[in-house]
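Peer 1: I'm passing along start_38.cif; it holds mmCIF, C-alpha atoms and all ligand atoms.
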data_input
loop_
_atom_site.group_PDB
_atom_site.id
_atom_site.type_symbol
_atom_site.label_atom_id
_atom_site.label_comp_id
_atom_site.auth_asym_id
_atom_site.auth_seq_id
_atom_site.Cartn_x
_atom_site.Cartn_y
_atom_site.Cartn_z
ATOM 1 C CA MET A 870 107.342 145.317 116.841
ATOM 2 C CA LYS A 871 104.978 146.913 119.360
ATOM 3 C CA LEU A 872 101.871 146.617 117.203
ATOM 4 C CA ALA A 873 100.773 144.781 114.061
ATOM 5 C CA ILE A 874 97.691 146.107 112.305
ATOM 6 C CA VAL A 875 95.903 143.361 110.383
ATOM 7 C CA GLY A 876 93.443 144.965 107.967
ATOM 8 C CA VAL A 877 94.585 148.442 106.992
ATOM 9 C CA GLY A 878 91.319 149.572 105.465
ATOM 10 C CA LYS A 879 89.343 152.700 106.263
ATOM 11 C CA LEU A 880 89.424 152.264 110.029
ATOM 12 C CA GLY A 881 92.877 150.631 110.258
ATOM 13 C CA LEU A 882 94.325 153.560 108.299
ATOM 14 C CA ALA A 883 92.481 156.157 110.422
ATOM 15 C CA LEU A 884 93.938 154.542 113.555
ATOM 16 C CA LEU A 885 97.427 154.318 112.059
ATOM 17 C CA GLU A 886 97.330 157.986 111.059
ATOM 18 C CA GLY A 887 95.949 159.061 114.444
ATOM 19 C CA VAL A 888 98.470 157.009 116.422
ATOM 20 C CA THR A 889 101.552 157.984 114.406
ATOM 21 C CA ALA A 890 100.582 161.678 114.235
ATOM 22 C CA ARG A 891 100.466 161.724 118.050
ATOM 23 C CA GLY A 892 103.662 159.722 118.518
ATOM 24 C CA VAL A 893 101.958 157.085 120.724
ATOM 25 C CA ILE A 894 103.947 154.350 119.011
ATOM 26 C CA PRO A 895 106.852 155.175 116.675
ATOM 27 C CA ALA A 896 105.842 154.303 113.096
ATOM 28 C CA GLY A 897 108.905 152.028 112.807
ATOM 29 C CA GLU A 898 107.441 149.831 115.592
ATOM 30 C CA ILE A 899 104.198 149.241 113.680
ATOM 31 C CA GLY A 900 103.760 146.394 111.190
ATOM 32 C CA LEU A 901 101.007 146.432 108.562
ATOM 33 C CA LEU A 902 99.381 143.345 107.083
ATOM 34 C CA ASP A 903 96.702 143.595 104.420
ATOM 35 C CA ALA A 904 95.546 141.545 101.454
ATOM 36 C CA HIS A 905 95.624 144.636 99.213
ATOM 37 C CA SER A 906 99.407 144.740 98.793
ATOM 38 C CA ALA A 907 99.782 147.808 96.536
ATOM 39 C CA ARG A 908 97.687 149.938 98.859
ATOM 40 C CA VAL A 909 99.456 148.815 102.025
ATOM 41 C CA GLU A 910 102.900 149.389 100.446
ATOM 42 C CA GLU A 911 101.858 152.946 99.625
ATOM 43 C CA ILE A 912 100.546 153.497 103.187
ATOM 44 C CA ALA A 913 103.765 152.117 104.673
ATOM 45 C CA ALA A 914 105.908 154.385 102.486
ATOM 46 C CA ARG A 915 103.826 157.392 103.475
ATOM 47 C CA THR A 916 103.658 156.737 107.244
ATOM 48 C CA GLY A 917 106.985 155.043 108.005
ATOM 49 C CA ALA A 918 105.310 151.843 109.250
ATOM 50 C CA ARG A 919 106.470 148.602 107.605
ATOM 51 C CA VAL A 920 104.666 145.932 105.662
ATOM 52 C CA ILE A 921 104.799 142.485 107.273
ATOM 53 C CA GLY A 922 103.735 138.987 106.250
ATOM 54 C CA ARG A 923 101.951 136.304 108.245
ATOM 55 C CA SER A 924 105.232 134.737 109.375
ATOM 56 C CA GLN A 925 106.192 137.987 111.139
ATOM 57 C CA LEU A 926 103.038 138.193 113.244
ATOM 58 C CA ALA A 927 104.603 136.163 116.040
ATOM 59 C CA GLY A 928 107.114 138.996 116.490
ATOM 60 C CA ALA A 929 104.374 141.473 117.416
ATOM 61 C CA GLN A 930 103.650 142.278 121.063
ATOM 62 C CA ARG A 931 100.062 143.052 120.154
ATOM 63 C CA VAL A 932 97.863 142.640 117.082
ATOM 64 C CA LEU A 933 95.073 145.033 116.164
ATOM 65 C CA VAL A 934 92.501 143.138 114.100
ATOM 66 C CA SER A 935 90.602 145.557 111.850
ATOM 67 C CA LEU A 936 89.167 143.141 109.297
ATOM 68 C CA GLN A 937 85.557 142.841 108.184
ATOM 69 C CA PRO A 938 83.767 140.419 110.535
ATOM 70 C CA ARG A 939 82.903 138.036 107.680
ATOM 71 C CA VAL A 940 86.570 137.242 106.923
ATOM 72 C CA PHE A 941 87.497 136.659 110.572
ATOM 73 C CA PRO A 942 86.629 132.937 110.842
ATOM 74 C CA GLU A 943 88.941 132.055 107.946
ATOM 75 C CA VAL A 944 91.711 134.495 108.865
ATOM 76 C CA SER A 945 91.735 133.455 112.535
ATOM 77 C CA GLU A 946 93.377 130.182 111.466
ATOM 78 C CA TRP A 947 96.697 131.961 110.773
ATOM 79 C CA LEU A 948 96.104 134.952 113.025
ATOM 80 C CA ALA A 949 96.340 132.901 116.217
ATOM 81 C CA GLN A 950 99.841 133.154 117.752
ATOM 82 C CA GLU A 951 101.287 132.451 121.176
ATOM 83 C CA ASN A 952 102.144 135.238 123.623
ATOM 84 C CA VAL A 953 100.357 137.915 121.639
ATOM 85 C CA GLY A 954 97.571 140.213 122.842
ATOM 86 C CA TYR A 955 94.738 140.940 120.401
ATOM 87 C CA ILE A 956 92.634 144.065 120.024
ATOM 88 C CA SER A 957 89.589 143.706 117.780
ATOM 89 C CA THR A 958 87.616 146.524 116.158
ATOM 90 C CA MET A 959 85.240 144.096 114.422
ATOM 91 C CA ALA A 960 81.580 145.059 114.772
ATOM 92 C CA GLY A 961 79.523 142.487 116.616
ATOM 93 C CA VAL A 962 82.320 139.964 117.203
ATOM 94 C CA SER A 963 82.134 139.016 120.887
ATOM 95 C CA ILE A 964 84.886 138.400 123.404
ATOM 96 C CA SER A 965 83.862 134.732 123.617
ATOM 97 C CA THR A 966 84.169 134.332 119.809
ATOM 98 C CA LEU A 967 87.572 136.068 119.839
ATOM 99 C CA VAL A 968 88.796 133.843 122.678
ATOM 100 C CA ARG A 969 87.624 130.672 120.984
ATOM 101 C CA ARG A 970 88.944 131.463 117.507
ATOM 102 C CA LEU A 971 92.257 133.014 118.620
ATOM 103 C CA GLY A 972 92.930 130.439 121.326
ATOM 104 C CA THR A 973 93.841 132.990 124.005
ATOM 105 C CA GLN A 974 92.110 134.998 126.718
ATOM 106 C CA ARG A 975 94.345 137.971 125.874
ATOM 107 C CA VAL A 976 91.695 139.686 123.766
ATOM 108 C CA VAL A 977 90.359 143.233 123.947
ATOM 109 C CA ARG A 978 87.212 144.306 122.149
ATOM 110 C CA VAL A 979 87.153 147.972 121.102
ATOM 111 C CA MET A 980 84.775 150.090 119.078
ATOM 112 C CA PRO A 981 86.312 153.332 117.756
ATOM 113 C CA ASN A 982 85.112 155.553 114.938
ATOM 114 C CA LEU A 983 86.697 157.235 111.935
ATOM 115 C CA ALA A 984 87.366 160.431 113.893
ATOM 116 C CA ALA A 985 90.471 158.620 115.218
ATOM 117 C CA THR A 986 92.308 160.089 112.249
ATOM 118 C CA ILE A 987 91.824 163.602 113.720
ATOM 119 C CA GLY A 988 92.251 162.508 117.360
ATOM 120 C CA ARG A 989 88.522 162.635 118.140
ATOM 121 C CA SER A 990 87.338 159.037 118.133
ATOM 122 C CA GLN A 991 84.933 157.826 120.792
ATOM 123 C CA THR A 992 86.178 154.351 121.658
ATOM 124 C CA ALA A 993 84.486 151.738 123.836
ATOM 125 C CA ILE A 994 86.860 149.201 125.414
ATOM 126 C CA THR A 995 86.309 145.900 127.213
ATOM 127 C CA GLY A 996 88.212 142.703 127.886
ATOM 128 C CA PRO A 997 88.549 139.781 130.307
ATOM 129 C CA LYS A 998 90.758 139.641 133.419
ATOM 130 C CA GLU A 999 93.577 137.937 131.506
ATOM 131 C CA ALA A 1000 93.791 140.921 129.133
ATOM 132 C CA GLN A 1001 93.908 143.200 132.133
ATOM 133 C CA ASP A 1002 96.642 141.145 133.850
ATOM 134 C CA ALA A 1003 98.758 141.111 130.667
ATOM 135 C CA GLY A 1004 98.485 144.900 130.274
ATOM 136 C CA ASP A 1005 96.450 144.620 127.057
ATOM 137 C CA LEU A 1006 93.530 146.669 128.413
ATOM 138 C CA ALA A 1007 95.890 149.383 129.649
ATOM 139 C CA PHE A 1008 97.614 149.367 126.244
ATOM 140 C CA ALA A 1009 94.246 149.791 124.503
ATOM 141 C CA HIS A 1010 93.365 152.684 126.807
ATOM 142 C CA THR A 1011 96.670 154.402 126.013
ATOM 143 C CA LEU A 1012 96.288 153.774 122.292
ATOM 144 C CA PHE A 1013 92.683 154.912 121.974
ATOM 145 C CA GLY A 1014 93.043 157.633 124.606
ATOM 146 C CA ALA A 1015 95.616 159.188 122.288
ATOM 147 C CA VAL A 1016 93.195 159.300 119.348
ATOM 148 C CA GLY A 1017 90.153 160.557 121.247
ATOM 149 C CA ASP A 1018 88.041 159.598 124.276
ATOM 150 C CA ALA A 1019 88.243 156.023 125.588
ATOM 151 C CA TYR A 1020 85.336 154.531 127.565
ATOM 152 C CA ASP A 1021 85.208 151.352 129.637
ATOM 153 C CA LEU A 1022 81.940 149.794 128.506
ATOM 154 C CA PRO A 1023 80.308 146.500 129.541
ATOM 155 C CA GLU A 1024 80.186 144.135 126.600
ATOM 156 C CA HIS A 1025 76.380 143.920 126.487
ATOM 157 C CA LEU A 1026 76.307 147.602 125.407
ATOM 158 C CA PHE A 1027 78.850 147.243 122.602
ATOM 159 C CA ASN A 1028 76.389 146.819 119.763
ATOM 160 C CA ALA A 1029 74.389 149.848 120.941
ATOM 161 C CA PHE A 1030 77.609 151.894 121.108
ATOM 162 C CA THR A 1031 78.476 150.648 117.615
ATOM 163 C CA GLY A 1032 75.020 151.505 116.217
ATOM 164 C CA MET A 1033 75.141 155.007 117.648
ATOM 165 C CA SER A 1034 78.743 156.196 117.912
ATOM 166 C CA ALA A 1035 80.763 154.104 115.456
ATOM 167 C CA SER A 1036 78.114 154.368 112.737
ATOM 168 C CA GLY A 1037 77.401 157.972 113.780
ATOM 169 C CA PRO A 1038 79.684 159.784 111.323
ATOM 170 C CA ALA A 1039 77.619 158.272 108.492
ATOM 171 C CA TYR A 1040 74.376 159.603 109.983
ATOM 172 C CA ALA A 1041 75.967 163.030 110.386
ATOM 173 C CA ALA A 1042 77.116 162.870 106.753
ATOM 174 C CA VAL A 1043 73.559 162.186 105.593
ATOM 175 C CA VAL A 1044 72.254 165.113 107.661
ATOM 176 C CA ALA A 1045 74.965 167.363 106.172
ATOM 177 C CA GLU A 1046 74.256 166.214 102.626
ATOM 178 C CA ALA A 1047 70.509 166.682 103.009
ATOM 179 C CA LEU A 1048 70.925 170.158 104.509
ATOM 180 C CA ALA A 1049 73.182 171.124 101.615
ATOM 181 C CA ASP A 1050 70.635 169.724 99.158
ATOM 182 C CA GLY A 1051 68.038 171.964 100.804
ATOM 183 C CA GLY A 1052 70.332 174.942 100.381
ATOM 184 C CA VAL A 1053 70.904 174.101 96.716
ATOM 185 C CA ARG A 1054 67.157 173.599 96.235
ATOM 186 C CA MET A 1055 66.679 177.156 97.473
ATOM 187 C CA GLY A 1056 69.413 178.538 95.214
ATOM 188 C CA LEU A 1057 72.723 178.351 97.105
ATOM 189 C CA PRO A 1058 75.765 177.263 95.045
ATOM 190 C CA ARG A 1059 76.656 173.586 95.739
ATOM 191 C CA ALA A 1060 80.207 174.205 96.970
ATOM 192 C CA LEU A 1061 79.044 176.875 99.396
ATOM 193 C CA ALA A 1062 76.149 174.710 100.616
ATOM 194 C CA ASN A 1063 78.487 171.751 101.281
ATOM 195 C CA GLU A 1064 80.970 173.937 103.143
ATOM 196 C CA LEU A 1065 78.226 175.550 105.250
ATOM 197 C CA ALA A 1066 76.736 172.156 106.136
ATOM 198 C CA ALA A 1067 80.044 170.665 107.316
ATOM 199 C CA LYS A 1068 80.995 173.733 109.347
ATOM 200 C CA LEU A 1069 77.496 173.922 110.834
ATOM 201 C CA LEU A 1070 77.798 170.378 112.179
ATOM 202 C CA VAL A 1071 81.206 171.095 113.704
ATOM 203 C CA ALA A 1072 80.098 174.385 115.312
ATOM 204 C CA SER A 1073 76.772 172.947 116.490
ATOM 205 C CA GLY A 1074 78.591 170.018 118.103
ATOM 206 C CA GLU A 1075 80.751 172.448 120.048
ATOM 207 C CA LEU A 1076 77.721 174.474 121.136
ATOM 208 C CA LEU A 1077 75.970 171.269 122.252
ATOM 209 C CA GLN A 1078 78.942 170.352 124.433
ATOM 210 C CA ARG A 1079 78.379 173.583 126.386
ATOM 211 C CA ARG A 1080 74.750 172.775 127.147
ATOM 212 C CA ALA A 1081 73.174 170.209 129.459
ATOM 213 C CA HIS A 1082 70.651 169.031 126.847
ATOM 214 C CA PRO A 1083 70.350 169.323 123.034
ATOM 215 C CA ALA A 1084 66.863 170.856 123.363
ATOM 216 C CA MET A 1085 68.417 173.954 124.967
ATOM 217 C CA LEU A 1086 70.264 174.845 121.766
ATOM 218 C CA LYS A 1087 67.176 174.142 119.666
ATOM 219 C CA ASP A 1088 65.082 176.466 121.834
ATOM 220 C CA GLU A 1089 67.691 179.251 121.737
ATOM 221 C CA VAL A 1090 67.716 179.233 117.928
ATOM 222 C CA ALA A 1091 63.965 179.002 117.375
ATOM 223 C CA SER A 1092 62.366 182.447 117.697
ATOM 224 C CA PRO A 1093 58.598 182.536 118.366
ATOM 225 C CA GLY A 1094 56.819 182.628 115.028
ATOM 226 C CA GLY A 1095 60.184 182.662 113.260
ATOM 227 C CA THR A 1096 61.962 180.727 110.523
ATOM 228 C CA THR A 1097 63.517 177.950 112.610
ATOM 229 C CA ILE A 1098 60.306 176.744 114.219
ATOM 230 C CA ALA A 1099 58.796 176.521 110.732
ATOM 231 C CA GLY A 1100 61.720 174.323 109.696
ATOM 232 C CA LEU A 1101 61.513 172.259 112.883
ATOM 233 C CA ALA A 1102 57.811 171.606 112.327
ATOM 234 C CA ALA A 1103 58.661 170.265 108.878
ATOM 235 C CA LEU A 1104 61.301 167.944 110.414
ATOM 236 C CA GLU A 1105 58.734 166.592 112.884
ATOM 237 C CA ASN A 1106 56.207 166.022 110.082
ATOM 238 C CA ALA A 1107 58.859 164.107 108.127
ATOM 239 C CA GLY A 1108 59.603 161.887 111.140
ATOM 240 C CA VAL A 1109 63.288 162.781 111.283
ATOM 241 C CA ARG A 1110 63.599 162.026 115.016
ATOM 242 C CA GLY A 1111 61.955 158.642 114.616
ATOM 243 C CA GLY A 1112 64.166 157.924 111.624
ATOM 244 C CA LEU A 1113 67.356 158.602 113.573
ATOM 245 C CA ILE A 1114 66.188 156.552 116.563
ATOM 246 C CA GLN A 1115 65.299 153.685 114.240
ATOM 247 C CA ALA A 1116 68.704 153.957 112.542
ATOM 248 C CA VAL A 1117 70.430 153.266 115.870
ATOM 249 C CA ILE A 1118 68.029 150.411 116.666
ATOM 250 C CA GLU A 1119 68.600 148.743 113.276
ATOM 251 C CA ALA A 1120 72.380 149.240 113.382
ATOM 252 C CA THR A 1121 72.477 147.723 116.882
ATOM 253 C CA ARG A 1122 70.438 144.729 115.681
ATOM 254 C CA ARG A 1123 72.782 144.276 112.748
ATOM 255 C CA GLY A 1124 75.739 144.182 115.150
ATOM 256 C CA THR A 1125 74.059 141.328 117.023
ATOM 257 C CA GLU A 1126 73.482 139.468 113.744
ATOM 258 C CA LEU A 1127 77.089 139.960 112.599
ATOM 259 C CA GLY A 1128 78.299 138.593 115.923
ATOM 260 C CA ARG A 1129 76.110 135.499 115.609
ATOM 261 C CA ASP A 1130 77.379 134.844 112.072
ATOM 262 C CA GLN A 1131 81.016 134.675 113.237
ATOM 263 C CA GLU A 1132 80.509 132.473 116.326
HETATM 264 N N1 LIG B 1 84.776 152.013 108.978
HETATM 265 C C1 LIG B 1 84.399 152.401 110.199
HETATM 266 O O1 LIG B 1 83.991 153.565 110.410
HETATM 267 C C2 LIG B 1 84.472 151.457 111.355
HETATM 268 C C3 LIG B 1 84.748 150.109 111.187
HETATM 269 N N2 LIG B 1 84.775 149.260 112.270
HETATM 270 C C4 LIG B 1 85.100 147.850 112.102
HETATM 271 O O2 LIG B 1 86.461 147.763 111.711
HETATM 272 C C5 LIG B 1 86.641 146.692 110.771
HETATM 273 C C6 LIG B 1 87.267 147.235 109.507
HETATM 274 O O3 LIG B 1 86.400 148.183 108.928
HETATM 275 P P1 LIG B 1 86.860 149.056 107.668
HETATM 276 O O4 LIG B 1 88.236 149.551 107.884
HETATM 277 O O5 LIG B 1 85.775 149.994 107.416
HETATM 278 O O6 LIG B 1 86.874 147.922 106.546
HETATM 279 P P2 LIG B 1 87.659 147.897 105.160
HETATM 280 O O7 LIG B 1 86.929 146.951 104.289
HETATM 281 O O8 LIG B 1 87.921 149.295 104.705
HETATM 282 O O9 LIG B 1 89.078 147.272 105.568
HETATM 283 C C7 LIG B 1 89.318 145.895 105.740
HETATM 284 C C8 LIG B 1 90.711 145.616 105.234
HETATM 285 O O10 LIG B 1 90.960 144.238 105.417
HETATM 286 C C9 LIG B 1 91.712 143.771 104.303
HETATM 287 N N3 LIG B 1 91.558 142.325 104.180
HETATM 288 C C10 LIG B 1 90.476 141.627 103.747
HETATM 289 N N4 LIG B 1 90.717 140.312 103.779
HETATM 290 C C11 LIG B 1 91.966 140.152 104.276
HETATM 291 C C12 LIG B 1 92.788 139.036 104.559
HETATM 292 N N5 LIG B 1 92.356 137.792 104.353
HETATM 293 N N6 LIG B 1 94.026 139.259 105.050
HETATM 294 C C13 LIG B 1 94.477 140.519 105.260
HETATM 295 N N7 LIG B 1 93.746 141.622 105.016
HETATM 296 C C14 LIG B 1 92.516 141.438 104.529
HETATM 297 C C15 LIG B 1 91.171 144.534 103.117
HETATM 298 O O11 LIG B 1 92.095 144.582 102.045
HETATM 299 C C16 LIG B 1 90.901 145.908 103.739
HETATM 300 O O12 LIG B 1 91.985 146.793 103.575
HETATM 301 C C17 LIG B 1 85.270 146.074 110.550
HETATM 302 O O13 LIG B 1 85.172 144.899 111.321
HETATM 303 C C18 LIG B 1 84.280 147.110 111.059
HETATM 304 O O14 LIG B 1 83.166 146.504 111.664
HETATM 305 C C19 LIG B 1 84.584 149.717 113.550
HETATM 306 C C20 LIG B 1 84.319 151.027 113.773
HETATM 307 C C21 LIG B 1 84.219 151.998 112.712
HETATM 308 O O1 LIG B 2 79.194 149.691 109.209
HETATM 309 C C1 LIG B 2 79.878 148.931 109.905
HETATM 310 O O2 LIG B 2 79.556 147.727 110.012
HETATM 311 C C2 LIG B 2 81.095 149.436 110.627
HETATM 312 C C3 LIG B 2 80.974 149.282 112.108
HETATM 313 C C4 LIG B 2 80.705 150.663 112.636
HETATM 314 C C5 LIG B 2 81.005 151.530 111.519
HETATM 315 N N1 LIG B 2 81.255 150.860 110.427
#
Represent the structure of the file as structure tokens.
Peer 2:
Amino acid sequence: MKLAIVGVGKLGLALLEGVTARGVIPAGEIGLLDAHSARVEEIAARTGARVIGRSQLAGAQRVLVSLQPRVFPEVSEWLAQENVGYISTMAGVSISTLVRRLGTQRVVRVMPNLAATIGRSQTAITGPKEAQDAGDLAFAHTLFGAVGDAYDLPEHLFNAFTGMSASGPAYAAVVAEALADGGVRMGLPRALANELAAKLLVASGELLQRRAHPAMLKDEVASPGGTTIAGLAALENAGVRGGLIQAVIEATRRGTELGRDQE
């Protein structure tokens, strides 16, 4: 078994789908372990991966830990195996906590996002020298490079990356929902407003990638004395920029707290 995924929830499933769709690891070489047995059986049947129990973990070359941080201290008691490399997606949980609780230096800390399922995750990766020597860091780069962009990031920036990029799809969803609500408020049918909002975010993201700075796109859209600048003035009055900045600050802080709780 090349990889065991422990915790096949929202992120574990997105990674499984992204990895198997791109043939990085054959589904038959992936084991799935999750407390929610009916759900994981259904996922295994659908993807071709197989359900495993705790006793089979030792047969995995590497274990991807995608559990909620709060369950990690308890679970680490049976998760720790010899000659296994670990890759953790858990928000806030530091390399030093992983090393201490898993009893090995072969640990890699990653921070992907849900776009892994469509091959567009942004994933931060870090790990100690032992993980590099054992090929675990290279494995993580291959794995996450296949489901999006992989970045080497120093560990002290992990919670900031989490608060901005990993939490980011939720912020984008709120922006989309609020825009659609505005459209509905002004008379657009709900289904059309939702579709327009989602497609707007996708298209705007692609336009932003072709510009050196987000303000360039804003300025191109806003005609002097026109509609957009009237809307932008309302956004400034509502403090939308400050709200988004504060969202990243608070999410980063929460990552630090979560890490402290699992030490
Ligand atoms: N959801 C997201 O967008 C992202 C999540 N993360 C991190 O990934 C981790 C997982 O997040 P989600 O998938 O959203 O959580 P989730 O709650 O959807 O999934 C966790 C899974 O763990 C299973 N589980 C709980 N206790 C267990 C146990 N004792 N033994 C085996 N399985 C057990 C649950 O049944 C569930 O399927 C978290 O640490 C989170 O910080 C990181 C980046 C993005
Ligand atoms: O909300 C959370 O804690 C996780 C980590 C980043 C995205 N979801």
Peer 1: Tell me which residues the PyMOL selection byres (((not hetatm)) within 9 of (chain B and resi 1)) grabs here, as a ChimeraX atom specification.
Peer 2: /A:875-883,902-906,908-909,934-941,943-944,957-962,979-984,992,1031,1034-1039,1124,1127
Peer 1: Run through the PyMOL selection byres (((chain A and resi 967-974) around 7) and not hetatm) on the given coordinates and return the selected residues as a PDB file with C-alpha atoms, in the coordinates of the input.
Peer 2:
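part.pdb written:
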ATOM      1  CA  SER A 945      91.735 133.455 112.535  1.00  0.00           C
ATOM      2  CA  ALA A 949      96.340 132.901 116.217  1.00  0.00           C
ATOM      3  CA  SER A 963      82.134 139.016 120.887  1.00  0.00           C
ATOM      4  CA  ILE A 964      84.886 138.400 123.404  1.00  0.00           C
ATOM      5  CA  SER A 965      83.862 134.732 123.617  1.00  0.00           C
ATOM      6  CA  THR A 966      84.169 134.332 119.809  1.00  0.00           C
ATOM      7  CA  ARG A 975      94.345 137.971 125.874  1.00  0.00           C
ATOM      8  CA  VAL A 976      91.695 139.686 123.766  1.00  0.00           C
ATOM      9  CA  PRO A 997      88.549 139.781 130.307  1.00  0.00           C
ATOM     10  CA  GLU A 999      93.577 137.937 131.506  1.00  0.00           C
ATOM     11  CA  ALA A1000      93.791 140.921 129.133  1.00  0.00           C
TER      12      ALA A1000
END
Peer 1: Quick one: apply the PyMOL selection byres (((chain A and resi 1067) around 12) and not hetatm) to the file and drop the selected residues here as a CSV table (one decimal) with C-alpha atoms, in the frame of the given file.
Peer 2:
chain,number,residue,atom,x,y,z
A,1038,PRO,CA,79.7,159.8,111.3
A,1041,ALA,CA,76.0,163.0,110.4
A,1042,ALA,CA,77.1,162.9,106.8
A,1043,VAL,CA,73.6,162.2,105.6
A,1044,VAL,CA,72.3,165.1,107.7
A,1045,ALA,CA,75.0,167.4,106.2
A,1046,GLU,CA,74.3,166.2,102.6
A,1047,ALA,CA,70.5,166.7,103.0
A,1048,LEU,CA,70.9,170.2,104.5
A,1049,ALA,CA,73.2,171.1,101.6
A,1060,ALA,CA,80.2,174.2,97.0
A,1061,LEU,CA,79.0,176.9,99.4
A,1062,ALA,CA,76.1,174.7,100.6
A,1063,ASN,CA,78.5,171.8,101.3
A,1064,GLU,CA,81.0,173.9,103.1
A,1065,LEU,CA,78.2,175.6,105.2
A,1066,ALA,CA,76.7,172.2,106.1
A,1068,LYS,CA,81.0,173.7,109.3
A,1069,LEU,CA,77.5,173.9,110.8
A,1070,LEU,CA,77.8,170.4,112.2
A,1071,VAL,CA,81.2,171.1,113.7
A,1072,ALA,CA,80.1,174.4,115.3
A,1073,SER,CA,76.8,172.9,116.5
A,1074,GLY,CA,78.6,170.0,118.1
Peer 1: Check the smallest atom-to-atom distance from each of A:Arg1123, A:Ile1118, A:Ala918, A:Ile994 to Pro1023 (chain A) using all atoms listed in the file, then report the winner.
Peer 2: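 Of A:Arg1123, A:Ile1118, A:Ala918, A:Ile994, the one nearest Pro1023 (chain A) is A:Ile994, counting all atoms listed in the file.
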Peer 1: Can you pull out the residues contacting Val1016 (chain A)? Cut-off 8 Å, using all atoms listed in the file, and skip same-chain residues under 4 positions away; I want them as a list in words.
Peer 2: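 These residues fall inside the cut-off: Leu884, Gly887, Val888, Arg891, Ala985, Thr986, Ile987, Gly988, Arg989, Ser990 and Leu1012 of chain A.
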Peer 1: Take the point (108.7, 145.5, 112.2) in the file's coordinates, draw a sphere of radius 7 Å around it, and report as a ChimeraX atom specification every protein, DNA or RNA residue with an atom inside or on it, counting all atoms listed in the file.
Peer 2: /A:870,897-900,919,921
Peer 1: Between A:Gly1095, A:Pro942, A:Gly922, A:Gly1032, which one has atoms that come closest to ligand LIG 2 (chain B), using only C-alpha atoms and all ligand atoms?
Peer 2: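 The shortest atom-to-atom distance to ligand LIG 2 (chain B) comes from A:Gly1032.
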Peer 1: Listed atoms of ligand LIG 2 (chain B), axis-aligned box, 6 Å per side: centre and edge lengths to one decimal in Å, as lines of an AutoDock Vina configuration file?
Peer 2:
center_x = 80.2
center_y = 149.6
center_z = 110.9
size_x = 14.1
size_y = 15.8
size_z = 15.4
Peer 1: Given the choices A:Glu1126, A:Glu911, A:Asp1050, A:Asp1088, which gets closest to ligand LIG 2 (chain B) if the distance is worked out from all atoms listed in the file?
Peer 2: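 Between A:Glu1126, A:Glu911, A:Asp1050, A:Asp1088, the residue approaching ligand LIG 2 (chain B) most closely is A:Glu1126.
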Peer 1: Please compute the CA of Gly892 (chain A)-CA of Gln950 (chain A) distance, one decimal, in Å.
Peer 2: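 Separating CA of Gly892 (chain A) from CA of Gln950 (chain A) is a distance of 26.9 Å.
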Peer 1: Restricting the calculation to only C-alpha atoms and all ligand atoms: of A:Ala993, A:Ala1007, A:Leu1057, A:Met1085, which residue gets closest to ligand LIG 2 (chain B)?
Peer 2: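 The shortest atom-to-atom distance to ligand LIG 2 (chain B) comes from A:Ala993.
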